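For reference, the structure discussed in these notes is given below.
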Amino acid sequence: MQGSNSPEPATGTTPSSYLLDVLAQPAPLAAFDAFKKTAPTYKERTARGGILTVLLAFVIGLLVWAEAKEYLYGEADYEFSVDRMIGRQLQLNFDATVATPCHYLTVDVRDAVGDRLHISDEFKKDGTSFEIGQAQRLQNLKGLDDVSASKMVRDSRRTSKRNRVFPKTAHYIENGPACRVYGTMSVKKVTGNLHITTLGHGYLSWEHTDHALMNLSHVIHEFSFGPYFPRISQPLDNSAEITGAHFHIFQYFLSVVSTTYVDARRRVLETSQYSVTDMSRETEHGKGVPGIFFKYDIEPMSLTIRERTTTLIQFLVRLAGIYAKEGTHAEPPIPTRSLR
C-alpha cells in the first residue's frame, strides 16, 4: 500500500514466514522492576491508607531529626577516673554582699592541713547598700540543666583575659550599711572552710562588733573553683539568704569534682564543678559563732565530659540507611486498596 511504513518482506520469503519472524522478536525493554506491583487500574484510595502514610512520614521525620541532632550537637560521654592532680593549688572565686558594714567583717580560710589564712586583706571590700535584686533562696533556684561541652568551651572562650575580672560595685557607698566582698585566691586542693564572721564573734579580736550592727543576710553573686569565667553558671550564683536575727549561722556544704570538658572540635576546658547543700539556724550569744561558712570537700576523682558527634559521611550513610529501610515499606501503606 502506498504511504505505508511497514517493512517489506525480504526477497525469497513468503508473507506467512515473515509474519512469524516478526512475532517471534521480543518487544523493546521499556522498564524493569523486580518487585511485584499492583496495577493502578486495580487500586482505590482509602482514608486508612492515608493515615498509615502520614504515620510513616512522621516516623521517618523523627529518625532524620535524631540523626541530625547527633550530627549537629553530639552526645555527651562521661568518664570517671582517679584525680592525679590532688594536693595541688586550686583557684577559688568569691563575690558576695553581706548586710553588715565592711569594717566589722573578717574573712578566713582554714584547711584540713591546719593552715589558717586570714584573707580579709586579699579580698576587696566595697561599702554598698544591701539589695536582693533577682536573687532567690537556694531551694527556689532552678537546678542547672546539663550543659553541653560545646557551650562550656564556647562560653569560656568568649570571656577574654581582660574580662576575667570582677565588675565594679554598682552602688558604691563609702562606709555603707552593707559590704561587697569579692576576689580570687589560691587554696590547697584539700578539704577546707571559708567563713565570714564579725569582729569579736569568731577568732580572737581586740574589737567587738555592736550587736545592733550584725546582720548576716547575704547575696552570693559568684562562688566557683578553677579559672574565673563569669559566663559559666554555678549552683550558688544569684542565691540569697535573709535573716532578722543578729546571731545566725549559715552553712554551705560543697562537694567539688575536677572536670574536663572536650567538645567535638577537641577543644579542652579544665575547671571544677560542685554540688551544694545548705543549712541555717539562729543561735544565741555565747552558744555559737554567727557567720557564713562554706565547707568544701575535694573529691578524689575527676570527670571528663567528652562530646562525641558523627562525621558528615557517617551522617549521610545513616540517612541512606533510613531511606532504604523505610523506603522498602513505603509501598504497602500507599493510600490505595486492591480491587478484586
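Ordered as shown in the C-alpha cells, chains take letters A, B, and onward, while each chain numbers its residues from 1 and ligands are numbered from 1 in the order shown.
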Could you go through range 97-231 of chain A and tell me which residues DSSP, when run on the backbone, assigns to helix (DSSP H, G or I), listing them as a ChimeraX atom specification? /A:102-104,138-140,149-158,161-163,211-213
Store the residues of this selection in a file with C-alpha atoms, as a short mmCIF file (atom, residue, chain, number, x, y, z; two decimals), in the first residue's frame.
data_model
loop_
_atom_site.label_atom_id
_atom_site.label_comp_id
_atom_site.auth_asym_id
_atom_site.auth_seq_id
_atom_site.Cartn_x
_atom_site.Cartn_y
_atom_site.Cartn_z
CA CYS A 102 32.83 46.23 105.87
CA HIS A 103 34.81 47.32 108.91
CA TYR A 104 33.24 44.61 111.08
CA LEU A 138 18.93 28.32 97.14
CA GLN A 139 15.92 26.00 97.46
CA ASN A 140 13.97 28.12 94.98
CA ALA A 149 30.75 20.62 76.32
CA SER A 150 30.50 22.90 73.29
CA LYS A 151 28.59 25.54 75.26
CA MET A 152 31.01 25.38 78.20
CA VAL A 153 34.05 25.75 75.96
CA ARG A 154 32.35 28.45 73.91
CA ASP A 155 31.36 30.49 76.98
CA SER A 156 34.87 30.23 78.39
CA ARG A 157 36.43 31.39 75.13
CA ARG A 158 34.04 34.32 74.85
CA LYS A 161 41.52 37.67 79.74
CA ARG A 162 40.79 41.35 80.36
CA ASN A 163 37.14 40.49 81.10
CA HIS A 211 25.13 43.51 118.10
CA ALA A 212 22.83 46.09 116.55
CA LEU A 213 25.12 46.25 113.51
#
Can you tell me, as a PDB file with N, CA and C atoms, in the first residue's frame, what residues are no more than 8 Å from Ile60 in chain A when counting only C-alpha atoms, ignoring any on the same chain fewer than 3 positions away?
ATOM      1  N   LEU A  56       3.934   6.952  58.724  1.00  0.00           N
ATOM      2  CA  LEU A  56       5.242   6.563  58.218  1.00  0.00           C
ATOM      3  C   LEU A  56       6.131   7.782  57.979  1.00  0.00           C
ATOM      4  N   ALA A  57       5.549   8.832  57.426  1.00  0.00           N
ATOM      5  CA  ALA A  57       6.323  10.057  57.205  1.00  0.00           C
ATOM      6  C   ALA A  57       6.760  10.671  58.531  1.00  0.00           C
ATOM      7  N   LEU A  63      13.297   9.960  62.891  1.00  0.00           N
ATOM      8  CA  LEU A  63      14.607   9.320  62.713  1.00  0.00           C
ATOM      9  C   LEU A  63      15.617  10.281  62.099  1.00  0.00           C
ATOM     10  N   VAL A  64      15.181  11.043  61.109  1.00  0.00           N
ATOM     11  CA  VAL A  64      16.089  12.014  60.476  1.00  0.00           C
ATOM     12  C   VAL A  64      16.488  13.096  61.479  1.00  0.00           C
ATOM     13  N   ILE A 322      18.225   4.957  56.627  1.00  0.00           N
ATOM     14  CA  ILE A 322      16.823   5.215  56.985  1.00  0.00           C
ATOM     15  C   ILE A 322      15.940   5.171  55.750  1.00  0.00           C
ATOM     16  N   GLU A 326      13.079   2.346  55.402  1.00  0.00           N
ATOM     17  CA  GLU A 326      11.678   2.759  55.395  1.00  0.00           C
ATOM     18  C   GLU A 326      11.115   2.816  53.986  1.00  0.00           C
TER      19      GLU A 326
END
From the options A:Leu316, A:Met279, A:Ala47, A:Val268, which residue's atoms come nearest to Lys295 in chain A, counting only C-alpha atoms? A:Met279
Nearest residue to Gly200 in chain A out of A:Thr310, A:Thr304, A:Asn93, A:Thr106, using only C-alpha atoms? A:Thr106
Enumerate, in order of chain and increasing residue number, the residues of range 231-326 of chain A with an atom no farther than 8 Å from range 171-191 of chain A, each with its shortest atom pair and distance in Å to one decimal, counting only C-alpha atoms, as a Markdown table.
| residue | atom | partner | partner_atom | distance |
| --- | --- | --- | --- | --- |
| A:Lys295 | CA | A:Thr191 | CA | 7.6 |
| A:Tyr296 | CA | A:Thr191 | CA | 5.7 |
| A:Asp297 | CA | A:Thr191 | CA | 4.5 |
| A:Ile298 | CA | A:Thr191 | CA | 5.7 |
Shell around His218 in chain A at 6 Å using only C-alpha atoms, local window under 4 positions removed, as a list in words: Thr97, Val98, Ala240 and Glu241 of chain A
